[in-house]
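First the structure, in the form of structure tokens, and then the observations on it.
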Amino acid sequence: MFKLIKNQMVVPNIHLLTLEAPAVAQQVKPGQFVILRADEDGERIPLSVSDWDVKEGTVTVILMNVGNTTGRLASVKDGTSIPTVVGPLGNPTEIDSFGTVLCIGGCYGIGSIFPIVRALKEKKNRVITVIEARSSYLFYWEDRLKEVSDKFFQITRDGTKGYRGHIGRIPEIIQSSEEPISRIIINGCTFLMKRGSDMSRPLNIKTIVSLNPIMIDGTGMCGVCRVTIGSSTKFACVDGPDFDGHQVNWAELLQRRKTYLKEEVIPLRTSRCEEHAERS
Ligand SMILES: Cc1cc2nc3c(=O)[nH]c(=O)nc-3n(C[C@H](O)[C@H](O)[C@H](O)COP(=O)(O)OP(=O)(O)OC[C@H]3O[C@@H](n4cnc5c(N)ncnc54)[C@H](O)[C@@H]3O)c2cc1C
Ligand code: FES
């Protein structure tokens, strides 16, 4: 059993979970993920590790409440134990001395890009960090990211902070950089990573994305996380989750992520209605 030390809603619908998992904390590297279960009968879901503390034996994940299991995890109380925290899984993000690196994070990716930015900075890269959200009230960890970035930008769709718009503003940020960008790394929802890759392709800047297909075992056995990269079939859990964004078959990924939509979303609506009825 793994103790949930802290469950804090950092912005609406996004929770920071700090878990006691010393073996994971000792081995994890930026870009890796864990698989969690909220209860014994629950399904396994992958979450990126956004921070860790080797001395305390803890790992932190940023959880966006989108469905059944994320909803269950979001409601686990501090001090409660959960049955599964498996990891670290997947390959770490490649960290080297690249020069100037542009790191982009949206939704849960604002958290998961943090250890990547920190590690790139430790490797003496010049790091430009961009976070994006619908509105300024959805930003978190701004100070933490600023501290490890050379430059820090924000984009909001409603213009309440930073640039107004979406990831389409990135070329302006790239043009304002004094040095050429050697690499772009994007973490967050599939649309953000797809649009970011579409945008950087004509600029010919290598773009790494952390793919989030549906996963079950996370060990390369079930094949559920199959993605097409160029002309090759890859399993995101063992071959990724990082891939070259210009090589990803995005249409297939978006389609495969909807495979269980009917089974996932309809029961969710029913169970939340039942919960509501029980309470009222
Ligand atoms: C390597 C990896 C790292 C991830 N890191 C994080 C993270 O740090 N924080 C975070 O909040 N989420 C992360 N995700 C996504 C997270 O795993 C899903 O949101 C979660 O599995 C949904 O489970 P659910 O039961 O709550 O939703 P479900 O009830 O299963 O589904 C609800 C909705 O979420 C969609 N969905 C289902 N599976 C996924 C998926 N894998 N990715 C995105 N949407 C999905 C469904 O299409 C549906 O629309 C990551 C996914 C992967 C593969
Ligand atoms: S999750 Fe089963 S093969 Fe990747």
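Labeling convention for the structure tokens: chains A, B, ... as they appear, residues from 1 per chain, ligands from 1 in order of appearance.
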### In range 31-180 of chain A, DSSP strand (DSSP E) residues written as a ChimeraX atom specification
/A:33-37,45-53,58-64,81-82,84-89,100-106,126-133,151-156,163-164
Could the residues that lie within 7 Å of ligand 1, counting only C-alpha atoms and all ligand atoms, be listed as a PyMOL selection string?
-> chain A and resi 33+45-49+61-71+108-109+112+189+210-215+237+241+257-258+260-261+264-265+268
Just write the chosen residues, N, CA and C atoms, as an mmCIF file, in the first residue's frame.
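Output below, filename again.cif:
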data_model
loop_
_atom_site.group_PDB
_atom_site.id
_atom_site.type_symbol
_atom_site.label_atom_id
_atom_site.label_comp_id
_atom_site.auth_asym_id
_atom_site.auth_seq_id
_atom_site.Cartn_x
_atom_site.Cartn_y
_atom_site.Cartn_z
ATOM 1 N N PHE A 33 6.937 8.020 -15.961
ATOM 2 C CA PHE A 33 5.596 8.036 -15.374
ATOM 3 C C PHE A 33 5.399 6.875 -14.415
ATOM 4 N N ILE A 45 -4.080 3.647 -14.158
ATOM 5 C CA ILE A 45 -3.910 4.795 -15.056
ATOM 6 C C ILE A 45 -2.492 5.371 -14.954
ATOM 7 N N PRO A 46 -1.934 5.786 -16.109
ATOM 8 C CA PRO A 46 -0.585 6.354 -16.098
ATOM 9 C C PRO A 46 -0.603 7.851 -15.777
ATOM 10 N N LEU A 47 0.331 8.291 -14.946
ATOM 11 C CA LEU A 47 0.492 9.715 -14.625
ATOM 12 C C LEU A 47 1.986 10.037 -14.609
ATOM 13 N N SER A 48 2.353 11.147 -15.217
ATOM 14 C CA SER A 48 3.764 11.550 -15.257
ATOM 15 C C SER A 48 4.217 11.977 -13.868
ATOM 16 N N VAL A 49 5.476 11.729 -13.563
ATOM 17 C CA VAL A 49 6.012 12.177 -12.271
ATOM 18 C C VAL A 49 6.471 13.629 -12.462
ATOM 19 N N VAL A 61 2.606 13.820 -8.346
ATOM 20 C CA VAL A 61 1.991 13.796 -9.676
ATOM 21 C C VAL A 61 0.938 14.893 -9.732
ATOM 22 N N ILE A 62 0.736 15.421 -10.938
ATOM 23 C CA ILE A 62 -0.314 16.423 -11.147
ATOM 24 C C ILE A 62 -1.427 15.712 -11.903
ATOM 25 N N LEU A 63 -2.603 15.726 -11.315
ATOM 26 C CA LEU A 63 -3.703 14.926 -11.834
ATOM 27 C C LEU A 63 -4.820 15.821 -12.360
ATOM 28 N N MET A 64 -5.199 15.610 -13.618
ATOM 29 C CA MET A 64 -6.344 16.355 -14.141
ATOM 30 C C MET A 64 -7.562 15.439 -14.081
ATOM 31 N N ASN A 65 -8.595 15.900 -13.411
ATOM 32 C CA ASN A 65 -9.786 15.075 -13.211
ATOM 33 C C ASN A 65 -10.642 15.087 -14.477
ATOM 34 N N VAL A 66 -10.495 13.996 -15.280
ATOM 35 C CA VAL A 66 -11.236 13.939 -16.552
ATOM 36 C C VAL A 66 -12.238 12.791 -16.596
ATOM 37 N N GLY A 67 -12.164 11.855 -15.660
ATOM 38 C CA GLY A 67 -13.036 10.687 -15.793
ATOM 39 C C GLY A 67 -13.125 9.892 -14.513
ATOM 40 N N ASN A 68 -13.375 8.592 -14.694
ATOM 41 C CA ASN A 68 -13.679 7.722 -13.571
ATOM 42 C C ASN A 68 -12.534 7.628 -12.563
ATOM 43 N N THR A 69 -11.364 7.146 -13.015
ATOM 44 C CA THR A 69 -10.271 6.907 -12.063
ATOM 45 C C THR A 69 -9.631 8.205 -11.594
ATOM 46 N N THR A 70 -9.450 9.163 -12.506
ATOM 47 C CA THR A 70 -8.874 10.445 -12.063
ATOM 48 C C THR A 70 -9.826 11.093 -11.045
ATOM 49 N N GLY A 71 -11.128 10.911 -11.247
ATOM 50 C CA GLY A 71 -12.123 11.450 -10.294
ATOM 51 C C GLY A 71 -11.993 10.782 -8.939
ATOM 52 N N TYR A 108 -2.004 19.275 -17.377
ATOM 53 C CA TYR A 108 -1.113 18.563 -16.448
ATOM 54 C C TYR A 108 0.360 18.702 -16.853
ATOM 55 N N GLY A 109 0.589 19.044 -18.120
ATOM 56 C CA GLY A 109 1.957 19.203 -18.630
ATOM 57 C C GLY A 109 2.693 20.397 -18.036
ATOM 58 N N SER A 112 4.359 18.362 -15.452
ATOM 59 C CA SER A 112 5.312 17.332 -15.890
ATOM 60 C C SER A 112 6.494 17.920 -16.660
ATOM 61 N N CYS A 189 -1.908 18.041 -23.220
ATOM 62 C CA CYS A 189 -2.957 17.297 -23.918
ATOM 63 C C CYS A 189 -2.542 17.039 -25.375
ATOM 64 N N SER A 210 5.420 14.074 -25.426
ATOM 65 C CA SER A 210 5.240 12.953 -24.503
ATOM 66 C C SER A 210 3.829 12.411 -24.722
ATOM 67 N N LEU A 211 3.730 11.295 -25.456
ATOM 68 C CA LEU A 211 2.405 10.827 -25.882
ATOM 69 C C LEU A 211 1.603 10.217 -24.733
ATOM 70 N N ASN A 212 0.279 10.386 -24.827
ATOM 71 C CA ASN A 212 -0.602 9.896 -23.755
ATOM 72 C C ASN A 212 -1.734 9.016 -24.281
ATOM 73 N N PRO A 213 -1.385 7.921 -24.985
ATOM 74 C CA PRO A 213 -2.455 7.007 -25.411
ATOM 75 C C PRO A 213 -3.020 6.262 -24.200
ATOM 76 N N ILE A 214 -4.123 5.575 -24.398
ATOM 77 C CA ILE A 214 -4.658 4.744 -23.314
ATOM 78 C C ILE A 214 -3.628 3.651 -23.027
ATOM 79 N N MET A 215 -3.398 3.371 -21.758
ATOM 80 C CA MET A 215 -2.450 2.317 -21.366
ATOM 81 C C MET A 215 -3.127 1.363 -20.387
ATOM 82 N N CYS A 237 4.399 2.887 -23.946
ATOM 83 C CA CYS A 237 4.843 2.644 -22.558
ATOM 84 C C CYS A 237 6.304 2.208 -22.480
ATOM 85 N N PRO A 241 7.472 7.399 -23.325
ATOM 86 C CA PRO A 241 6.393 8.098 -24.029
ATOM 87 C C PRO A 241 6.863 9.210 -24.966
ATOM 88 N N ARG A 257 -7.572 7.028 -28.850
ATOM 89 C CA ARG A 257 -7.863 7.500 -27.491
ATOM 90 C C ARG A 257 -9.365 7.532 -27.212
ATOM 91 N N LYS A 258 -10.170 7.507 -28.305
ATOM 92 C CA LYS A 258 -11.630 7.557 -28.113
ATOM 93 C C LYS A 258 -12.242 6.160 -28.045
ATOM 94 N N TYR A 260 -12.772 3.780 -25.979
ATOM 95 C CA TYR A 260 -13.713 3.367 -24.926
ATOM 96 C C TYR A 260 -14.584 4.522 -24.438
ATOM 97 N N LEU A 261 -14.696 5.547 -25.278
ATOM 98 C CA LEU A 261 -15.420 6.751 -24.866
ATOM 99 C C LEU A 261 -16.822 6.415 -24.350
ATOM 100 N N GLU A 264 -16.664 4.626 -21.104
ATOM 101 C CA GLU A 264 -16.095 5.415 -20.000
ATOM 102 C C GLU A 264 -17.012 6.546 -19.572
ATOM 103 N N VAL A 265 -17.531 7.266 -20.558
ATOM 104 C CA VAL A 265 -18.217 8.515 -20.226
ATOM 105 C C VAL A 265 -19.660 8.274 -19.771
ATOM 106 N N LEU A 268 -19.852 7.062 -16.251
ATOM 107 C CA LEU A 268 -19.408 8.152 -15.379
ATOM 108 C C LEU A 268 -20.572 9.078 -15.076
#
| said: Just want the residues within 9 Å of ligand 2, written as a PyMOL selection string, counting only C-alpha atoms and all ligand atoms. | reply: chain A and resi 46+213-226+234-239
The selected residues should be written to file as a short mmCIF file (atom, residue, chain, number, x, y, z; two decimals), in the first residue's frame (atoms: all heavy atoms).
data_model
loop_
_atom_site.label_atom_id
_atom_site.label_comp_id
_atom_site.auth_asym_id
_atom_site.auth_seq_id
_atom_site.Cartn_x
_atom_site.Cartn_y
_atom_site.Cartn_z
N PRO A 46 -1.93 5.79 -16.11
CA PRO A 46 -0.58 6.35 -16.10
C PRO A 46 -0.60 7.85 -15.78
O PRO A 46 -1.45 8.59 -16.28
CB PRO A 46 -0.11 6.13 -17.54
CG PRO A 46 -1.35 6.08 -18.36
CD PRO A 46 -2.48 5.66 -17.48
N PRO A 213 -1.39 7.92 -24.98
CA PRO A 213 -2.45 7.01 -25.41
C PRO A 213 -3.02 6.26 -24.20
O PRO A 213 -2.44 6.32 -23.11
CB PRO A 213 -1.71 6.02 -26.32
CG PRO A 213 -0.33 6.00 -25.78
CD PRO A 213 -0.06 7.38 -25.28
N ILE A 214 -4.12 5.57 -24.40
CA ILE A 214 -4.66 4.74 -23.31
C ILE A 214 -3.63 3.65 -23.03
O ILE A 214 -3.03 3.10 -23.95
CB ILE A 214 -6.02 4.14 -23.73
CG1 ILE A 214 -7.03 5.26 -23.94
CG2 ILE A 214 -6.51 3.12 -22.70
CD1 ILE A 214 -8.36 4.82 -24.50
N MET A 215 -3.40 3.37 -21.76
CA MET A 215 -2.45 2.32 -21.37
C MET A 215 -3.13 1.36 -20.39
O MET A 215 -4.02 1.78 -19.65
CB MET A 215 -1.22 2.93 -20.68
CG MET A 215 -0.32 3.67 -21.63
SD MET A 215 1.20 4.20 -20.81
CE MET A 215 2.03 4.96 -22.19
N ILE A 216 -2.66 0.11 -20.38
CA ILE A 216 -3.18 -0.83 -19.37
C ILE A 216 -2.02 -1.31 -18.50
O ILE A 216 -1.88 -0.88 -17.37
CB ILE A 216 -3.95 -2.01 -20.01
CG1 ILE A 216 -5.20 -1.47 -20.74
CG2 ILE A 216 -4.38 -3.01 -18.93
CD1 ILE A 216 -6.05 -2.52 -21.41
N ASP A 217 -1.17 -2.18 -19.05
CA ASP A 217 -0.13 -2.76 -18.18
C ASP A 217 1.10 -1.85 -18.05
O ASP A 217 1.78 -1.88 -17.02
CB ASP A 217 0.28 -4.15 -18.69
CG ASP A 217 0.92 -4.07 -20.07
OD1 ASP A 217 0.39 -3.34 -20.92
OD2 ASP A 217 1.95 -4.72 -20.28
N GLY A 218 1.41 -1.09 -19.08
CA GLY A 218 2.58 -0.20 -19.02
C GLY A 218 3.90 -0.92 -19.15
O GLY A 218 4.95 -0.36 -18.86
N THR A 219 3.85 -2.18 -19.59
CA THR A 219 5.09 -2.95 -19.69
C THR A 219 5.30 -3.56 -21.07
O THR A 219 6.12 -4.47 -21.25
CB THR A 219 5.12 -4.10 -18.65
OG1 THR A 219 4.01 -4.96 -18.94
CG2 THR A 219 5.03 -3.59 -17.23
N GLY A 220 4.53 -3.12 -22.07
CA GLY A 220 4.74 -3.62 -23.44
C GLY A 220 4.03 -4.93 -23.72
O GLY A 220 4.29 -5.55 -24.76
N MET A 221 3.13 -5.39 -22.84
CA MET A 221 2.50 -6.70 -23.03
C MET A 221 1.14 -6.63 -23.72
O MET A 221 0.81 -7.50 -24.50
CB MET A 221 2.29 -7.39 -21.67
CG MET A 221 3.51 -7.46 -20.81
SD MET A 221 4.48 -8.88 -21.18
CE MET A 221 3.61 -10.10 -20.23
N CYS A 222 0.34 -5.60 -23.43
CA CYS A 222 -1.06 -5.63 -23.90
C CYS A 222 -1.24 -5.01 -25.28
O CYS A 222 -2.20 -5.33 -25.97
CB CYS A 222 -1.96 -4.94 -22.88
SG CYS A 222 -1.72 -3.15 -22.80
N GLY A 223 -0.40 -4.10 -25.67
CA GLY A 223 -0.49 -3.49 -27.00
C GLY A 223 -1.48 -2.33 -27.10
O GLY A 223 -1.63 -1.74 -28.17
N VAL A 224 -2.16 -2.00 -26.02
CA VAL A 224 -3.18 -0.95 -26.06
C VAL A 224 -2.59 0.42 -26.41
O VAL A 224 -3.24 1.23 -27.08
CB VAL A 224 -3.94 -0.90 -24.70
CG1 VAL A 224 -4.70 0.40 -24.52
CG2 VAL A 224 -4.90 -2.07 -24.62
N CYS A 225 -1.36 0.65 -26.02
CA CYS A 225 -0.77 1.98 -26.22
C CYS A 225 -0.07 2.12 -27.56
O CYS A 225 0.75 3.00 -27.75
CB CYS A 225 0.23 2.26 -25.10
SG CYS A 225 1.66 1.18 -25.18
N ARG A 226 -0.43 1.23 -28.52
CA ARG A 226 0.21 1.23 -29.84
C ARG A 226 0.06 2.59 -30.53
O ARG A 226 -1.04 3.15 -30.56
CB ARG A 226 -0.45 0.13 -30.69
CG ARG A 226 -0.01 0.10 -32.12
CD ARG A 226 -0.49 -1.17 -32.77
NE ARG A 226 -1.95 -1.29 -32.88
CZ ARG A 226 -2.68 -0.65 -33.77
NH1 ARG A 226 -2.12 0.18 -34.63
NH2 ARG A 226 -3.99 -0.83 -33.83
N LYS A 234 5.00 1.47 -32.58
CA LYS A 234 5.71 1.54 -31.28
C LYS A 234 4.69 1.41 -30.16
O LYS A 234 3.52 1.75 -30.33
CB LYS A 234 6.42 2.89 -31.13
CG LYS A 234 7.45 3.19 -32.20
CD LYS A 234 8.75 2.50 -31.92
CE LYS A 234 9.81 2.81 -32.97
NZ LYS A 234 10.95 1.93 -32.92
N PHE A 235 5.18 0.94 -29.00
CA PHE A 235 4.35 0.92 -27.80
C PHE A 235 4.81 2.09 -26.94
O PHE A 235 5.98 2.12 -26.49
CB PHE A 235 4.50 -0.39 -27.05
CG PHE A 235 3.89 -1.57 -27.77
CD1 PHE A 235 4.28 -2.87 -27.48
CD2 PHE A 235 2.92 -1.39 -28.75
CE1 PHE A 235 3.72 -3.95 -28.14
CE2 PHE A 235 2.36 -2.45 -29.43
CZ PHE A 235 2.77 -3.74 -29.12
N ALA A 236 3.91 3.02 -26.69
CA ALA A 236 4.30 4.26 -25.98
C ALA A 236 4.87 3.97 -24.60
O ALA A 236 5.74 4.68 -24.12
CB ALA A 236 3.12 5.21 -25.88
N CYS A 237 4.40 2.89 -23.95
CA CYS A 237 4.84 2.64 -22.56
C CYS A 237 6.30 2.21 -22.48
O CYS A 237 7.00 2.57 -21.54
CB CYS A 237 3.95 1.62 -21.87
SG CYS A 237 3.98 -0.01 -22.61
N VAL A 238 6.77 1.44 -23.45
CA VAL A 238 8.16 0.97 -23.38
C VAL A 238 9.08 1.65 -24.40
O VAL A 238 10.28 1.80 -24.15
CB VAL A 238 8.27 -0.58 -23.52
CG1 VAL A 238 7.79 -1.27 -22.26
CG2 VAL A 238 7.52 -1.09 -24.74
N ASP A 239 8.54 2.05 -25.53
CA ASP A 239 9.38 2.74 -26.53
C ASP A 239 9.36 4.25 -26.31
O ASP A 239 10.19 4.98 -26.84
CB ASP A 239 8.86 2.45 -27.95
CG ASP A 239 8.88 0.97 -28.28
OD1 ASP A 239 9.85 0.30 -27.89
OD2 ASP A 239 7.92 0.47 -28.89
#
Subject >> Val117 in chain A environment, 8 Å, only C-alpha atoms, sequence neighbours closer than 5 positions dropped, as an MDAnalysis selection string >> reply: chainID A and resid 103 127 129 145 148:149
Export of prior selection with N, CA, C and O atoms as a compact mmCIF listing (two decimals), in the first residue's frame:
# COMPACT_ATOMS: atom_id res chain seq x y z
N CYS A 103 10.61 24.80 -23.90
CA CYS A 103 9.76 23.80 -23.23
C CYS A 103 8.35 24.35 -23.11
O CYS A 103 8.16 25.46 -22.62
N VAL A 127 17.04 27.84 -21.23
CA VAL A 127 15.71 27.26 -21.33
C VAL A 127 14.64 28.36 -21.37
O VAL A 127 14.57 29.22 -20.50
N THR A 129 10.70 28.75 -21.23
CA THR A 129 9.51 27.97 -20.87
C THR A 129 8.26 28.75 -21.24
O THR A 129 8.16 29.95 -20.97
N LEU A 145 8.58 27.27 -12.05
CA LEU A 145 9.07 27.21 -13.43
C LEU A 145 9.95 28.41 -13.75
O LEU A 145 10.99 28.26 -14.41
N VAL A 148 13.65 28.12 -12.67
CA VAL A 148 14.59 27.25 -13.40
C VAL A 148 14.65 27.58 -14.90
O VAL A 148 15.27 26.85 -15.67
N SER A 149 13.96 28.67 -15.30
CA SER A 149 13.95 29.04 -16.73
C SER A 149 14.73 30.33 -16.94
O SER A 149 14.76 31.19 -16.07
In terms of only C-alpha atoms, the residue from A:Asp244, A:Glu252, A:Asp158, A:Glu178 at minimal distance from Ile128 in chain A is A:Glu178
Leaving out Cys107 in chain A and any residue of its chain fewer than 3 positions from it, which residues lie within 10 Å of it when counting only C-alpha atoms, given as a short mmCIF file (atom, residue, chain, number, x, y, z; two decimals) with C-alpha atoms, in the first residue's frame?
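Written file, result_21.cif:
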data_model
loop_
_atom_site.label_atom_id
_atom_site.label_comp_id
_atom_site.auth_asym_id
_atom_site.auth_seq_id
_atom_site.Cartn_x
_atom_site.Cartn_y
_atom_site.Cartn_z
CA ASN A 13 -9.99 20.31 -11.60
CA ILE A 14 -6.22 19.84 -11.21
CA ILE A 62 -0.31 16.42 -11.15
CA LEU A 63 -3.70 14.93 -11.83
CA MET A 64 -6.34 16.35 -14.14
CA ILE A 110 2.65 22.44 -16.72
CA GLY A 111 3.64 20.09 -13.88
CA SER A 112 5.31 17.33 -15.89
CA ILE A 131 2.87 27.56 -20.34
CA GLU A 132 -0.58 27.86 -21.80
CA ALA A 133 -4.13 27.67 -20.45
CA ARG A 134 -7.65 28.79 -21.20
CA LEU A 138 -5.68 27.75 -14.49
CA PHE A 139 -1.95 28.40 -14.09
CA TYR A 140 0.00 26.79 -11.24
CA ASN A 187 3.99 18.06 -22.51
CA GLY A 188 0.22 18.20 -22.09
CA CYS A 189 -2.96 17.30 -23.92
CA LEU A 192 -1.46 20.94 -27.71
#
Next item on the list: Might you pull out every residue within 12 Å of Gly230 in chain A, with only C-alpha atoms counted and same-chain residues fewer than 2 positions away left off, and present them as JSON, numbers by chain?
Entry: {"A": [227, 228, 232, 233, 234, 243, 244, 245, 246, 247, 248, 249, 250]}
Keeping only N, CA, C and O atoms, take the residues you just selected and write them out as a CSV table (one decimal), in the first residue's frame.
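Saved the output as out-v2.csv:
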chain,number,residue,atom,x,y,z
A,227,VAL,N,1.2,3.1,-31.1
A,227,VAL,CA,1.2,4.3,-31.8
A,227,VAL,C,2.0,4.1,-33.1
A,227,VAL,O,2.8,3.2,-33.1
A,228,THR,N,1.7,5.0,-34.1
A,228,THR,CA,2.6,4.9,-35.3
A,228,THR,C,3.5,6.1,-35.4
A,228,THR,O,3.0,7.2,-35.3
A,232,SER,N,6.9,3.1,-38.4
A,232,SER,CA,7.0,2.0,-37.4
A,232,SER,C,5.9,2.0,-36.4
A,232,SER,O,5.4,3.1,-36.0
A,233,THR,N,5.5,0.8,-35.9
A,233,THR,CA,4.6,0.7,-34.8
A,233,THR,C,5.4,0.7,-33.5
A,233,THR,O,6.4,-0.1,-33.4
A,234,LYS,N,5.0,1.5,-32.6
A,234,LYS,CA,5.7,1.5,-31.3
A,234,LYS,C,4.7,1.4,-30.2
A,234,LYS,O,3.5,1.8,-30.3
A,243,PHE,N,8.4,10.9,-28.2
A,243,PHE,CA,8.6,10.6,-29.6
A,243,PHE,C,8.8,11.9,-30.4
A,243,PHE,O,8.5,13.0,-29.9
A,244,ASP,N,9.3,11.8,-31.6
A,244,ASP,CA,9.5,13.0,-32.5
A,244,ASP,C,8.1,13.4,-33.0
A,244,ASP,O,7.4,12.6,-33.7
A,245,GLY,N,7.6,14.6,-32.6
A,245,GLY,CA,6.3,15.0,-32.9
A,245,GLY,C,6.0,15.1,-34.4
A,245,GLY,O,4.9,15.1,-34.8
A,246,HIS,N,7.1,15.3,-35.2
A,246,HIS,CA,6.9,15.4,-36.6
A,246,HIS,C,6.6,14.0,-37.3
A,246,HIS,O,6.2,14.0,-38.4
A,247,GLN,N,6.9,13.0,-36.5
A,247,GLN,CA,6.7,11.6,-37.1
A,247,GLN,C,5.4,10.9,-36.5
A,247,GLN,O,5.1,9.8,-37.0
A,248,VAL,N,4.7,11.5,-35.6
A,248,VAL,CA,3.6,10.9,-35.0
A,248,VAL,C,2.4,10.9,-35.9
A,248,VAL,O,2.1,11.9,-36.5
A,249,ASN,N,1.7,9.7,-36.0
A,249,ASN,CA,0.4,9.7,-36.7
A,249,ASN,C,-0.7,10.2,-35.7
A,249,ASN,O,-1.2,9.4,-35.0
A,250,TRP,N,-0.9,11.5,-35.8
A,250,TRP,CA,-1.8,12.1,-34.8
A,250,TRP,C,-3.2,11.7,-35.0
A,250,TRP,O,-4.0,11.5,-34.0
Between A:Pro88, A:Gly42, A:Pro12, A:Gly99, smallest distance to Ala25 in chain A by only C-alpha atoms belongs to A:Pro88
Point to revise | Spatial neighbours of Thr18 in chain A, max dist 7 Å, only C-alpha atoms, sep filter under 2 positions, as a VMD selection string | key: chain A and resid 4 to 7 16 20 58 to 61
message = Give me, as a PyMOL selection string, the residues of range 38-140 of chain A that a backbone DSSP run labels alpha helix (DSSP H).
response = chain A and resi 68-74+109-112+114-122
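Of the listed residues A:Thr100, A:Gln26, A:Thr156, A:Asn204, the one whose atoms come nearest to Ser136 in chain A is A:Thr156, with distances taken using only C-alpha atoms.
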Separating CA of Val24 in chain A from CA of Arg37 in chain A, to the nearest tenth of an Å, is a gap of 15.3 Å
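For the pair CA of Phe2 in chain A and CA of Ala38 in chain A, the separation is 10.3 Å.
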TODO: Show which residues sit within 8 Å of Gly168 in chain A, as a ChimeraX atom specification. Count only C-alpha atoms, and ignore same-chain residues fewer than 3 positions away.
DONE: /A:165,171,195-196,199
